[in-house]
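S.K.: Sharing upload-v4.txt here; it has compact mmCIF, C-alpha atoms.
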# COMPACT_ATOMS: atom_id res chain seq x y z
CA MET A 22 -12.48 5.50 15.08
CA ALA A 23 -9.94 8.08 13.99
CA ALA A 24 -6.88 6.99 12.08
CA PRO A 25 -3.50 6.80 13.83
CA GLU A 26 -1.39 9.90 13.36
CA ILE A 27 1.33 9.84 10.74
CA ASP A 28 4.89 10.71 11.64
CA GLU A 29 5.97 14.22 10.58
CA LYS A 30 8.95 12.75 8.69
CA PHE A 31 6.50 11.00 6.33
CA LEU A 32 4.49 14.19 5.83
CA ALA A 33 7.73 15.98 4.91
CA ALA A 34 8.80 13.08 2.67
CA GLY A 35 5.38 13.22 0.99
CA ARG A 36 5.87 16.90 0.19
CA GLU A 37 9.34 16.13 -1.14
CA TYR A 38 7.86 13.27 -3.20
CA GLY A 39 5.26 15.62 -4.69
CA ASP A 40 7.93 18.19 -5.54
CA ALA A 41 10.03 15.48 -7.23
CA LEU A 42 7.05 14.28 -9.29
CA ILE A 43 6.25 17.81 -10.42
CA ALA A 44 9.90 18.46 -11.32
CA LEU A 45 9.87 15.27 -13.42
CA GLY A 46 6.67 16.32 -15.19
CA LEU A 47 3.96 14.41 -13.33
CA ASP A 48 1.63 17.04 -11.90
CA PRO A 49 -0.78 15.10 -9.67
CA HIS A 50 -4.43 16.01 -9.50
CA ALA A 51 -4.17 14.85 -5.90
CA LEU A 52 -1.45 13.53 -3.66
CA PHE A 53 -2.23 12.82 -0.03
CA TRP A 54 -1.62 10.42 2.81
CA ALA A 55 -4.42 8.18 3.99
CA PHE A 56 -4.76 5.36 6.49
CA ASP A 57 -5.81 2.04 4.95
CA LYS A 58 -8.05 0.38 7.52
CA THR A 59 -7.76 -3.02 5.83
CA GLU A 60 -3.96 -3.07 5.64
CA LYS A 61 -3.63 -1.07 8.87
CA ARG A 62 -0.97 1.26 7.48
CA HIS A 63 -0.63 4.68 5.89
CA VAL A 64 -0.55 4.87 2.10
CA LEU A 65 0.26 7.70 -0.29
CA VAL A 66 -2.60 8.20 -2.77
CA LEU A 67 -1.76 9.61 -6.20
CA VAL A 68 -4.62 10.64 -8.52
CA THR A 69 -3.47 11.34 -12.07
CA ASP A 70 -4.79 11.40 -15.62
CA PHE A 71 -1.68 9.42 -16.67
CA PHE A 72 -3.53 6.41 -15.20
CA ASP A 73 -5.94 6.27 -18.16
CA TYR A 74 -3.32 7.20 -20.73
CA THR A 75 -0.67 4.60 -19.94
CA GLY A 76 -2.05 2.44 -17.13
CA PRO A 77 -1.03 1.85 -13.52
CA LEU A 78 1.69 -0.69 -14.39
CA GLU A 79 3.66 1.77 -16.53
CA ILE A 80 3.30 4.51 -13.93
CA SER A 81 4.46 2.12 -11.21
CA LYS A 82 7.48 1.11 -13.28
CA GLN A 83 8.51 4.74 -13.68
CA LEU A 84 7.95 5.49 -9.99
CA LEU A 85 10.09 2.47 -9.08
CA ARG A 86 12.84 3.63 -11.46
CA ALA A 87 12.71 7.11 -9.88
CA TYR A 88 12.93 5.55 -6.41
CA ASN A 89 15.87 3.31 -7.37
CA ALA A 90 17.67 6.32 -8.86
CA SER A 91 17.10 8.27 -5.60
CA ILE A 92 14.98 10.86 -7.40
CA THR A 93 12.18 10.37 -4.88
CA PRO A 94 12.67 10.14 -1.09
CA LYS A 95 13.78 6.79 0.31
CA GLU A 96 11.20 7.12 3.11
CA ILE A 97 8.46 6.45 0.56
CA ASP A 98 8.59 2.91 -0.72
CA PRO A 99 6.95 2.79 -4.19
CA PHE A 100 4.74 -0.05 -2.99
CA VAL A 101 3.01 2.27 -0.52
CA VAL A 102 1.82 4.53 -3.39
CA ARG A 103 -1.79 3.96 -4.48
CA LEU A 104 -2.63 5.01 -8.03
CA HIS A 105 -6.06 6.23 -9.12
CA SER A 106 -7.55 7.62 -12.29
CA ILE A 107 -9.30 10.97 -12.31
CA HIS A 108 -12.19 9.08 -13.95
CA GLN A 109 -12.75 6.65 -11.09
CA SER A 110 -15.83 7.70 -9.15
CA ILE A 111 -14.05 7.45 -5.82
CA SER A 112 -11.37 9.91 -6.99
CA GLU A 113 -13.92 12.73 -6.95
CA ARG A 114 -14.56 12.01 -3.28
CA TYR A 115 -10.84 11.72 -2.56
CA VAL A 116 -10.09 15.06 -4.20
CA GLY A 117 -13.08 16.72 -2.52
CA ALA A 118 -11.83 15.58 0.88
CA ALA A 119 -8.24 16.52 0.04
CA LEU A 120 -9.31 20.02 -1.02
CA SER A 121 -11.40 20.58 2.09
CA ASP A 122 -10.26 22.35 5.19
CA GLY A 123 -12.42 20.13 7.35
CA THR A 124 -15.58 22.21 6.87
CA PHE A 125 -16.93 20.02 4.11
CA HIS A 126 -19.22 17.01 4.21
CA VAL A 127 -18.69 13.38 5.04
CA TRP A 128 -20.02 10.19 3.52
CA ASP A 129 -22.03 7.54 5.27
CA LYS A 130 -21.26 3.84 4.89
CA ASN A 131 -23.24 3.77 1.62
CA MET A 132 -21.07 6.57 0.18
CA ASN A 133 -23.89 9.13 0.31
CA PRO A 134 -22.92 12.70 1.23
CA LYS A 135 -23.87 13.69 4.76
CA HIS A 136 -23.64 17.43 5.42
CA VAL A 137 -21.91 18.78 8.48
CA PRO A 138 -23.59 21.65 10.35
CA PRO A 139 -21.97 25.05 9.74
CA GLY A 140 -19.16 25.77 12.16
CA ASP A 141 -18.40 22.11 12.79
CA ARG A 142 -15.06 20.84 11.64
CA VAL A 143 -14.48 17.33 10.36
CA GLU A 144 -11.28 15.85 11.74
CA TYR A 145 -11.15 13.01 9.22
CA PHE A 146 -13.01 11.51 6.26
CA ASP A 147 -13.74 7.82 5.80
CA ILE A 148 -13.98 6.99 2.09
CA GLY A 149 -14.09 3.31 1.28
CA ASP A 150 -11.35 1.60 3.29
CA LEU A 151 -9.30 4.80 3.58
CA THR A 152 -9.31 7.47 6.26
CA LEU A 153 -8.11 10.92 5.16
CA LYS A 154 -7.31 13.96 7.24
CA PRO A 155 -7.27 17.43 5.61
CA GLU A 156 -3.81 18.13 7.04
CA TRP A 157 -2.41 15.04 5.30
CA THR A 158 -3.03 16.61 1.87
CA ILE A 159 0.10 17.39 -0.12
CA LYS A 160 -1.54 18.57 -3.33
CA ALA A 161 -5.06 18.69 -4.71
CA ARG A 162 -6.62 20.41 -7.69
CA SER A 163 -9.71 19.98 -9.82
CA LEU A 164 -10.18 16.82 -11.83
CA GLN A 165 -10.35 18.77 -15.08
CA THR A 166 -9.60 16.48 -18.00
CA ARG A 167 -6.79 17.38 -20.40
CA ASN A 168 -6.90 16.26 -24.01
CA SER A 169 -5.07 13.06 -24.89
CA VAL A 170 -2.43 14.84 -26.99
CA GLU A 171 -1.44 17.01 -24.03
CA ILE A 172 -1.44 14.02 -21.66
CA GLY A 173 0.70 12.03 -24.09
CA ARG A 174 3.19 14.87 -24.43
CA LYS A 175 3.42 15.26 -20.65
CA TRP A 176 3.80 11.49 -20.14
CA LYS A 177 6.66 11.31 -22.66
CA ARG A 178 8.34 14.25 -20.92
CA PHE A 179 7.98 12.51 -17.55
CA VAL A 180 9.50 9.25 -18.88
CA ARG A 181 12.31 11.15 -20.63
CA ASN A 182 13.14 13.00 -17.41
CA VAL A 183 13.20 9.78 -15.38
CA ASP A 184 15.36 8.14 -18.08
CA LYS A 185 17.80 11.06 -18.10
CA ILE A 186 18.30 11.04 -14.33
CA ALA A 187 18.17 7.27 -13.86
CA ALA A 188 20.80 6.62 -16.57
Could the structure of this file be written out as structure tokens, please?
M.R.:
Amino acid sequence: MAAPEIDEKFLAAGREYGDALIALGLDPHALFWAFDKTEKRHVLVLVTDFFDYTGPLEISKQLLRAYNASITPKEIDPFVVRLHSIHQSISERYVGAALSDGTFHVWDKNMNPKHVPPGDRVEYFDIGDLTLKPEWTIKARSLQTRNSVEIGRKWKRFVRNVDKIAA
């Protein structure tokens, strides 16, 4: 079963959200919309190496502060944002699907890659309880690891920028 379509206003808000994060200093490895089949709603998935540096609680606190200060779009409630580490095994699959143009491969229910014949286009990817569509991708790049000093410097810059605007 394909996921329900997402309203264009949320796609636009997602792009605006990504731009705001980058301007603040959080450059996501991946940012994309997905449909959560368990919760039966669309969620915004954010894959970042800040996850391992500071933890999801600290990231969530900063995202909530940015939302309350109107730095990020009001259409995106911070509680709809799903955080993932670049080191979580599922993140590799998420980023692979987000980077694809639909001519990639899919995973079976056991999370094994299943190749699609050349010329066929995949309309959506089911990964775990999420359904992703290539056109729902806002940003995706390789999961290349940065060193902890660089991550720490970038995290402090992000927090400082949120503090400055939220004050």
S.K.: Find the nearest atom pair between each residue of region 136-175 of chain A and region 73-96 of chain A for residues within 12 Å, count all atoms listed in the file, give distances in Å to one decimal, sort rows by chain and ascending number, and present the table as a tab-separated table.
M.R.:
residue	atom	partner	partner_atom	distance
A:Thr166	CA	A:Asp73	CA	10.8
A:Arg167	CA	A:Tyr74	CA	10.8
A:Asn168	CA	A:Tyr74	CA	10.3
A:Ser169	CA	A:Tyr74	CA	7.4
A:Val170	CA	A:Tyr74	CA	9.9
A:Glu171	CA	A:Tyr74	CA	10.5
A:Ile172	CA	A:Tyr74	CA	7.1
A:Gly173	CA	A:Tyr74	CA	7.1
A:Arg174	CA	A:Tyr74	CA	10.7
A:Lys175	CA	A:Tyr74	CA	10.5
S.K.: By how many Å are CA of Asp147 (chain A) and CA of Ser112 (chain A) apart?
M.R.: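 These atoms are spaced 13.2 Å apart.
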S.K.: From the options A:Val102, A:Leu47, A:Ile148, A:Ala33, which residue's atoms come nearest to Thr69 (chain A), counting all atoms listed in the file?
M.R.: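 Of A:Val102, A:Leu47, A:Ile148, A:Ala33, the one nearest Thr69 (chain A), counting all atoms listed in the file, is A:Leu47.
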S.K.: To one decimal in Å, tell me the separation between CA of Asn182 (chain A) and CA of Ala41 (chain A).
M.R.: 10.9 Å
S.K.: Rounded to one decimal, what separation in Å do you get between CA of Ala187 (chain A) and CA of Leu42 (chain A)?
M.R.: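 Separation of CA of Ala187 (chain A) and CA of Leu42 (chain A): 13.9 Å.
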S.K.: So which one's closest to Asp70 (chain A), A:Asp40, A:Ile97, A:Trp176, A:Ala188? Using only C-alpha atoms, please.
M.R.: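 Looking at the shortest contact to Asp70 (chain A), the residue is A:Trp176.
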S.K.: Taking only C-alpha atoms into account, which of A:Glu60, A:Asp48, A:Glu144, A:Asp98 comes nearest Gly35 (chain A)?
M.R.: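 Checking each candidate against Gly35 (chain A), we get A:Asp98 as the closest.
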S.K.: Can you pull out the residues contacting Ile159 (chain A)? Cut-off 7 Å, using only C-alpha atoms, and skip same-chain residues under 4 positions away; I want them as a count of residues only.
M.R.: 4
S.K.: Padding of 5 Å on every side, edges along x, y and z, all listed atoms of region 29-48 of chain A included: what centre and edge lengths in Å, to one decimal, does that box have, as lines of an AutoDock Vina configuration file?
M.R.:
center_x = 5.8
center_y = 14.7
center_z = -2.3
size_x = 18.4
size_y = 17.5
size_z = 35.8
S.K.: Write out as a PyMOL selection string each polymer residue whose atoms come within 12 Å of Ser110 (chain A), counting all atoms listed in the file; drop sequence neighbours fewer than 3 positions from it.
M.R.: chain A and resi 68+105-107+113-117+132+148-149+164
S.K.: I need the residue nearest Val180 (chain A) from this list: A:Pro25, A:Gly46, A:Gly39, A:Pro99. Use all atoms listed in the file for the distance.
M.R.: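 Among A:Pro25, A:Gly46, A:Gly39, A:Pro99, it is A:Gly46 that comes nearest to Val180 (chain A).
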S.K.: Report as a PyMOL selection string all protein, DNA and RNA residues lying within 9 Å of Lys58 (chain A), evaluated on only C-alpha atoms, omitting residues in the same chain fewer than 4 positions from it.
M.R.: chain A and resi 24+62-63+150-152
S.K.: When distances are computed from all atoms listed in the file, which of A:Ile186, A:Ala161, A:Leu153, A:Leu32 shows the smallest separation from Asp57 (chain A)?
M.R.: A:Leu153
